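Here's the structure we're looking at; comments come further down.
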Amino acid sequence: MGGVIPMALGLALAQPDRQVIALVGDGSLLMNLGTLVTVIAAKCRNLKVILLDNGLYEVTGGQHTAASQLNLRYDDLARSIGFRTVEACSDEDTWQAQAGDFLAQDGPSFCWLKVAPALPDDMQTVQEPMPQQLERIQKHLQS
Amino acid sequence: MLFDGEEIVSELCRLGITHVVWIPDSSLGQWETALEESADLELVRVCREGEAWPLAAGLMLGGQTPILMMQTTGLFESGDALRNVLYDLKLPVISIVGARNWLNTASRDSARVYTEPILAAWGLEYQLIASEQDKPQLYSFLSSCLTERRPGTILLAE
């Protein structure tokens, strides 16, 4: 946890002609909050961060994050750090209406999605071994 | 400092490094101007060393050749990120780690005391550069790491 955005930034810097989207949970983001500053400092225009915020550490059984007790506005935080495009959506209809524009604009972009906890049946573990996943990703990136 | 800025840039370019991902200490920081001014290297500044390992992983997956630079204290801090990148993702990221107080043999700095035990605990192969005579080993060690696709660290005595 905490490595999604830095890894996505590395990919985006490595391949500036590709759009890179980082899907990150709020627990993971909080572990490495400074990485939002790193993104802006790197002047990376092809990276979009989409934050899925449910206020919980789902993987360990649903405990609350420290931020869940606060009135933290991740959109204001991203805006103050310098993200070019910032959106906030708390329902699916709003996301559906804004997603196209959000994805079409140059970054760096940040979208804060308030989401409900996942259902237990939705919590799937990826079965494909990691080396195979990386091999597949690298082949795609080289194409 | 054993290498000045121009020397280290020359060595990194000779190795084919494309990106330097760093949080410098007072010794490594002396290289900042040279790194910034190099037309062949991109300097990426992170806020905490735990970002550096996955960022380098992303660069590597994207076809670039990164090197990390940090002090031993940053290495200690970023251990879990190191573990994930080197041992779960099996991406052979290379690094230069400034060894705080290494040259002060009387120092009881805990950062100095724990440097080698922590490198050993993480199974991280390293090459100590502590004198003028050691300097050619920076290129030879890192070159072999890159060629053989294995992780490795230059431990640069400070």
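If you're wondering about the labels, chains in the structure tokens are A, B, ... by order shown, residues count from 1 in each chain, ligands from 1 in order shown.
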Do you have, as JSON lines, the list of residues of chain B lying at most 7 Å from chain A, each with its nearest atom pair and that distance in Å to one decimal, counting only C-alpha atoms and ordered by chain then number?
```
{"residue": "B:Val44", "atom": "CA", "partner": "A:Ala42", "partner_atom": "CA", "distance": 6.4}
{"residue": "B:Arg45", "atom": "CA", "partner": "A:Thr38", "partner_atom": "CA", "distance": 6.6}
{"residue": "B:Val46", "atom": "CA", "partner": "A:Thr38", "partner_atom": "CA", "distance": 5.3}
{"residue": "B:Cys47", "atom": "CA", "partner": "A:Gly34", "partner_atom": "CA", "distance": 5.6}
{"residue": "B:Glu51", "atom": "CA", "partner": "A:Pro6", "partner_atom": "CA", "distance": 5.6}
{"residue": "B:Pro54", "atom": "CA", "partner": "A:Met7", "partner_atom": "CA", "distance": 4.7}
{"residue": "B:Leu55", "atom": "CA", "partner": "A:Met7", "partner_atom": "CA", "distance": 4.4}
{"residue": "B:Ala56", "atom": "CA", "partner": "A:Gly10", "partner_atom": "CA", "distance": 6.1}
{"residue": "B:Ala57", "atom": "CA", "partner": "A:Met7", "partner_atom": "CA", "distance": 6.2}
{"residue": "B:Gly58", "atom": "CA", "partner": "A:Gly10", "partner_atom": "CA", "distance": 4.1}
{"residue": "B:Leu59", "atom": "CA", "partner": "A:Gly10", "partner_atom": "CA", "distance": 4.3}
{"residue": "B:Leu61", "atom": "CA", "partner": "A:Gln138", "partner_atom": "CA", "distance": 5.9}
{"residue": "B:Gly62", "atom": "CA", "partner": "A:Ala14", "partner_atom": "CA", "distance": 5.0}
{"residue": "B:Gly63", "atom": "CA", "partner": "A:Ala14", "partner_atom": "CA", "distance": 6.6}
{"residue": "B:Gln64", "atom": "CA", "partner": "A:Ala14", "partner_atom": "CA", "distance": 5.9}
{"residue": "B:Leu89", "atom": "CA", "partner": "A:Met130", "partner_atom": "CA", "distance": 6.5}
```
Take the residues that were just selected and, keeping N, CA, C and O atoms, output them as a CSV table (one decimal), in the first residue's frame.
```
chain,number,residue,atom,x,y,z
B,44,VAL,N,14.2,13.3,-10.6
B,44,VAL,CA,12.8,13.2,-10.1
B,44,VAL,C,13.0,13.3,-8.6
B,44,VAL,O,13.6,12.5,-7.9
B,45,ARG,N,12.3,14.3,-8.0
B,45,ARG,CA,12.4,14.5,-6.6
B,45,ARG,C,11.1,13.9,-5.9
B,45,ARG,O,10.0,14.2,-6.3
B,46,VAL,N,11.3,13.1,-4.9
B,46,VAL,CA,10.2,12.5,-4.1
B,46,VAL,C,10.2,13.2,-2.8
B,46,VAL,O,11.2,13.8,-2.4
B,47,CYS,N,9.1,13.0,-2.1
B,47,CYS,CA,8.9,13.6,-0.7
B,47,CYS,C,9.3,12.6,0.4
B,47,CYS,O,9.7,13.1,1.5
B,51,GLU,N,8.5,6.4,-1.6
B,51,GLU,CA,7.9,6.6,-2.9
B,51,GLU,C,8.9,6.2,-4.0
B,51,GLU,O,8.6,5.9,-5.1
B,54,PRO,N,8.8,2.4,-5.7
B,54,PRO,CA,7.8,2.1,-6.7
B,54,PRO,C,7.8,3.1,-7.9
B,54,PRO,O,7.5,2.7,-9.0
B,55,LEU,N,8.3,4.3,-7.7
B,55,LEU,CA,8.4,5.2,-8.8
B,55,LEU,C,9.5,4.6,-9.8
B,55,LEU,O,9.3,4.6,-11.0
B,56,ALA,N,10.6,4.2,-9.2
B,56,ALA,CA,11.6,3.6,-10.1
B,56,ALA,C,11.1,2.3,-10.8
B,56,ALA,O,11.4,2.0,-11.9
B,57,ALA,N,10.2,1.6,-10.1
B,57,ALA,CA,9.6,0.4,-10.7
B,57,ALA,C,8.8,0.8,-11.9
B,57,ALA,O,8.8,0.1,-12.9
B,58,GLY,N,8.0,1.9,-11.7
B,58,GLY,CA,7.2,2.3,-12.9
B,58,GLY,C,8.0,2.8,-14.0
B,58,GLY,O,7.7,2.5,-15.2
B,59,LEU,N,9.1,3.5,-13.7
B,59,LEU,CA,10.0,3.9,-14.8
B,59,LEU,C,10.6,2.7,-15.5
B,59,LEU,O,10.7,2.6,-16.8
B,61,LEU,N,9.4,-0.4,-15.7
B,61,LEU,CA,8.3,-1.1,-16.5
B,61,LEU,C,8.1,-0.3,-17.8
B,61,LEU,O,7.8,-1.0,-18.8
B,62,GLY,N,8.2,1.0,-17.7
B,62,GLY,CA,8.0,1.8,-18.9
B,62,GLY,C,9.2,1.8,-19.8
B,62,GLY,O,9.2,2.6,-20.8
B,63,GLY,N,10.3,1.1,-19.5
B,63,GLY,CA,11.4,1.0,-20.4
B,63,GLY,C,12.6,1.9,-20.1
B,63,GLY,O,13.5,2.0,-20.9
B,64,GLN,N,12.5,2.6,-19.0
B,64,GLN,CA,13.6,3.5,-18.7
B,64,GLN,C,14.6,2.9,-17.7
B,64,GLN,O,14.3,1.7,-17.2
B,89,LEU,N,7.8,-7.8,-6.9
B,89,LEU,CA,7.7,-7.5,-8.3
B,89,LEU,C,8.9,-8.0,-9.0
B,89,LEU,O,8.9,-8.0,-10.3
```
Can I get the residues of region 25-140 of chain B within 8 Å of region 9-19 of chain B, each with the closest pair of atoms and their distance in Å to one decimal, using only C-alpha atoms, sorted chain first then ascending number, as a Markdown table?
```
| residue | atom | partner | partner_atom | distance |
| --- | --- | --- | --- | --- |
| B:Ala34 | CA | B:Val9 | CA | 6.8 |
| B:Leu35 | CA | B:Val9 | CA | 6.4 |
| B:Ser38 | CA | B:Val9 | CA | 7.2 |
| B:Asp40 | CA | B:Thr18 | CA | 6.6 |
| B:Leu41 | CA | B:Thr18 | CA | 5.1 |
| B:Glu42 | CA | B:His19 | CA | 4.7 |
| B:Leu43 | CA | B:His19 | CA | 5.9 |
| B:Val44 | CA | B:His19 | CA | 7.0 |
| B:Gln64 | CA | B:Thr18 | CA | 6.2 |
| B:Thr65 | CA | B:Ile17 | CA | 5.0 |
| B:Pro66 | CA | B:His19 | CA | 4.6 |
| B:Ile67 | CA | B:His19 | CA | 6.4 |
| B:Tyr139 | CA | B:Glu11 | CA | 6.4 |
```
### Task
Write out as a list of chain:residue names each polymer residue whose atoms come within 8 Å of region 71-75 of chain B, counting only C-alpha atoms; drop sequence neighbours fewer than 3 positions from it.
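Neighbouring residues, sequence-local ones excluded: B:Ile23, B:Pro24, B:Asp25, B:Arg48, B:Glu49, B:Gly50, B:Ser78, B:Gly79, B:Val97, B:Gly98, B:Ala99, B:Arg100, B:Ala111, B:Thr115.
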### Task
Kindly indicate which residue among A:Asp91, A:Asp122, A:Asp101, A:Asp106 lies nearest to Val20 (chain A), using only C-alpha atoms for the distances.
A:Asp106
### Query
In chain B, what's strand (DSSP E) per DSSP? Answer as a PyMOL selection string?
chain B and resi 19-22+42-45+66-71+94-99+126-129+152-157
### Exercise: Ala67 (chain A) partners within 10 Å, only C-alpha atoms, chain neighbours under 4 positions left out, as a VMD selection string
chain A and resid 26 to 27 30 55 to 56 71 to 73
#### Entry: Nearest residue to Arg150 (chain B) from the set B:Leu128, B:Leu138, B:Ile94, B:Leu119 (distances using only C-alpha atoms)
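Comparing B:Leu128, B:Leu138, B:Ile94, B:Leu119 against Arg150 (chain B), the winner is B:Ile94.
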### Task
Within region 1-154 of chain B, find each residue whose DSSP state, derived from the backbone, is alpha helix (DSSP H), and express the selection as a ChimeraX atom specification.
/B:5-15,32-37,49-61,72-77,79-83,110-113,115-121,136-148
#### Entry: Neighbour list for Thr105 (chain B) as a ChimeraX atom specification, cut-off 12 Å, only C-alpha atoms, skip fewer than 5 positions in-chain
/B:100,112-113,157-158
Keeping all heavy atoms for every residue in the selection just given, could you write it to a file as a PDB file, in the first residue's frame?
```pdb
ATOM      1  N   ARG B 100      25.919   7.560   6.085  1.00  0.00           N
ATOM      2  CA  ARG B 100      26.173   8.632   7.057  1.00  0.00           C
ATOM      3  C   ARG B 100      27.189   8.211   8.116  1.00  0.00           C
ATOM      4  O   ARG B 100      27.073   7.139   8.706  1.00  0.00           O
ATOM      5  CB  ARG B 100      24.851   9.027   7.717  1.00  0.00           C
ATOM      6  CG  ARG B 100      24.913  10.274   8.554  1.00  0.00           C
ATOM      7  CD  ARG B 100      23.526  10.703   8.994  1.00  0.00           C
ATOM      8  NE  ARG B 100      23.173  10.104  10.279  1.00  0.00           N
ATOM      9  CZ  ARG B 100      21.984  10.279  10.874  1.00  0.00           C
ATOM     10  NH1 ARG B 100      21.055  10.994  10.272  1.00  0.00           N
ATOM     11  NH2 ARG B 100      21.727   9.723  12.041  1.00  0.00           N
ATOM     12  N   ARG B 112      24.895   4.640  11.388  1.00  0.00           N
ATOM     13  CA  ARG B 112      26.107   3.940  10.970  1.00  0.00           C
ATOM     14  C   ARG B 112      26.097   2.498  11.477  1.00  0.00           C
ATOM     15  O   ARG B 112      26.395   1.567  10.751  1.00  0.00           O
ATOM     16  CB  ARG B 112      27.345   4.680  11.489  1.00  0.00           C
ATOM     17  CG  ARG B 112      28.668   4.081  11.025  1.00  0.00           C
ATOM     18  CD  ARG B 112      29.858   4.786  11.681  1.00  0.00           C
ATOM     19  NE  ARG B 112      31.117   4.453  11.036  1.00  0.00           N
ATOM     20  CZ  ARG B 112      31.807   3.330  11.265  1.00  0.00           C
ATOM     21  NH1 ARG B 112      31.347   2.442  12.116  1.00  0.00           N
ATOM     22  NH2 ARG B 112      32.947   3.110  10.628  1.00  0.00           N
ATOM     23  N   VAL B 113      25.714   2.337  12.721  1.00  0.00           N
ATOM     24  CA  VAL B 113      25.739   1.017  13.354  1.00  0.00           C
ATOM     25  C   VAL B 113      24.831   0.033  12.622  1.00  0.00           C
ATOM     26  O   VAL B 113      25.180  -1.133  12.431  1.00  0.00           O
ATOM     27  CB  VAL B 113      25.303   1.148  14.834  1.00  0.00           C
ATOM     28  CG1 VAL B 113      25.046  -0.214  15.460  1.00  0.00           C
ATOM     29  CG2 VAL B 113      26.349   1.922  15.627  1.00  0.00           C
ATOM     30  N   ALA B 157      30.565   5.987   1.130  1.00  0.00           N
ATOM     31  CA  ALA B 157      30.981   6.428   2.457  1.00  0.00           C
ATOM     32  C   ALA B 157      30.951   7.947   2.576  1.00  0.00           C
ATOM     33  O   ALA B 157      31.385   8.662   1.663  1.00  0.00           O
ATOM     34  CB  ALA B 157      32.393   5.908   2.752  1.00  0.00           C
ATOM     35  N   GLU B 158      30.408   8.416   3.685  1.00  0.00           N
ATOM     36  CA  GLU B 158      30.352   9.843   3.965  1.00  0.00           C
ATOM     37  C   GLU B 158      31.008  10.127   5.312  1.00  0.00           C
ATOM     38  O   GLU B 158      31.105   9.238   6.156  1.00  0.00           O
ATOM     39  CB  GLU B 158      28.896  10.326   3.986  1.00  0.00           C
ATOM     40  CG  GLU B 158      28.182  10.137   2.665  1.00  0.00           C
ATOM     41  CD  GLU B 158      26.697  10.500   2.730  1.00  0.00           C
ATOM     42  OE1 GLU B 158      26.196  10.751   3.841  1.00  0.00           O
ATOM     43  OE2 GLU B 158      26.070  10.532   1.678  1.00  0.00           O
TER      44      GLU B 158
END
```
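The interatomic distance for the pair CA of Gly29 (chain B) and CA of Pro117 (chain B) works out to 25.2 Å.
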### Task
Find, counting only C-alpha atoms, the residue in B:Lys90, B:Arg149, B:Arg83, B:Lys135 that gets nearest to Ala121 (chain B).
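The shortest atom-to-atom distance to Ala121 (chain B) comes from B:Arg83.
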### Message
Applying 7 Å and only C-alpha atoms, which residues near Val24 (chain A) remain after dropping the ones on its own chain fewer than 5 positions away? List them as a list of chain:residue names.
### Response
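My list of contacting residues is A:Val4, A:Leu29, A:Ile50, A:Leu51, A:Leu52.
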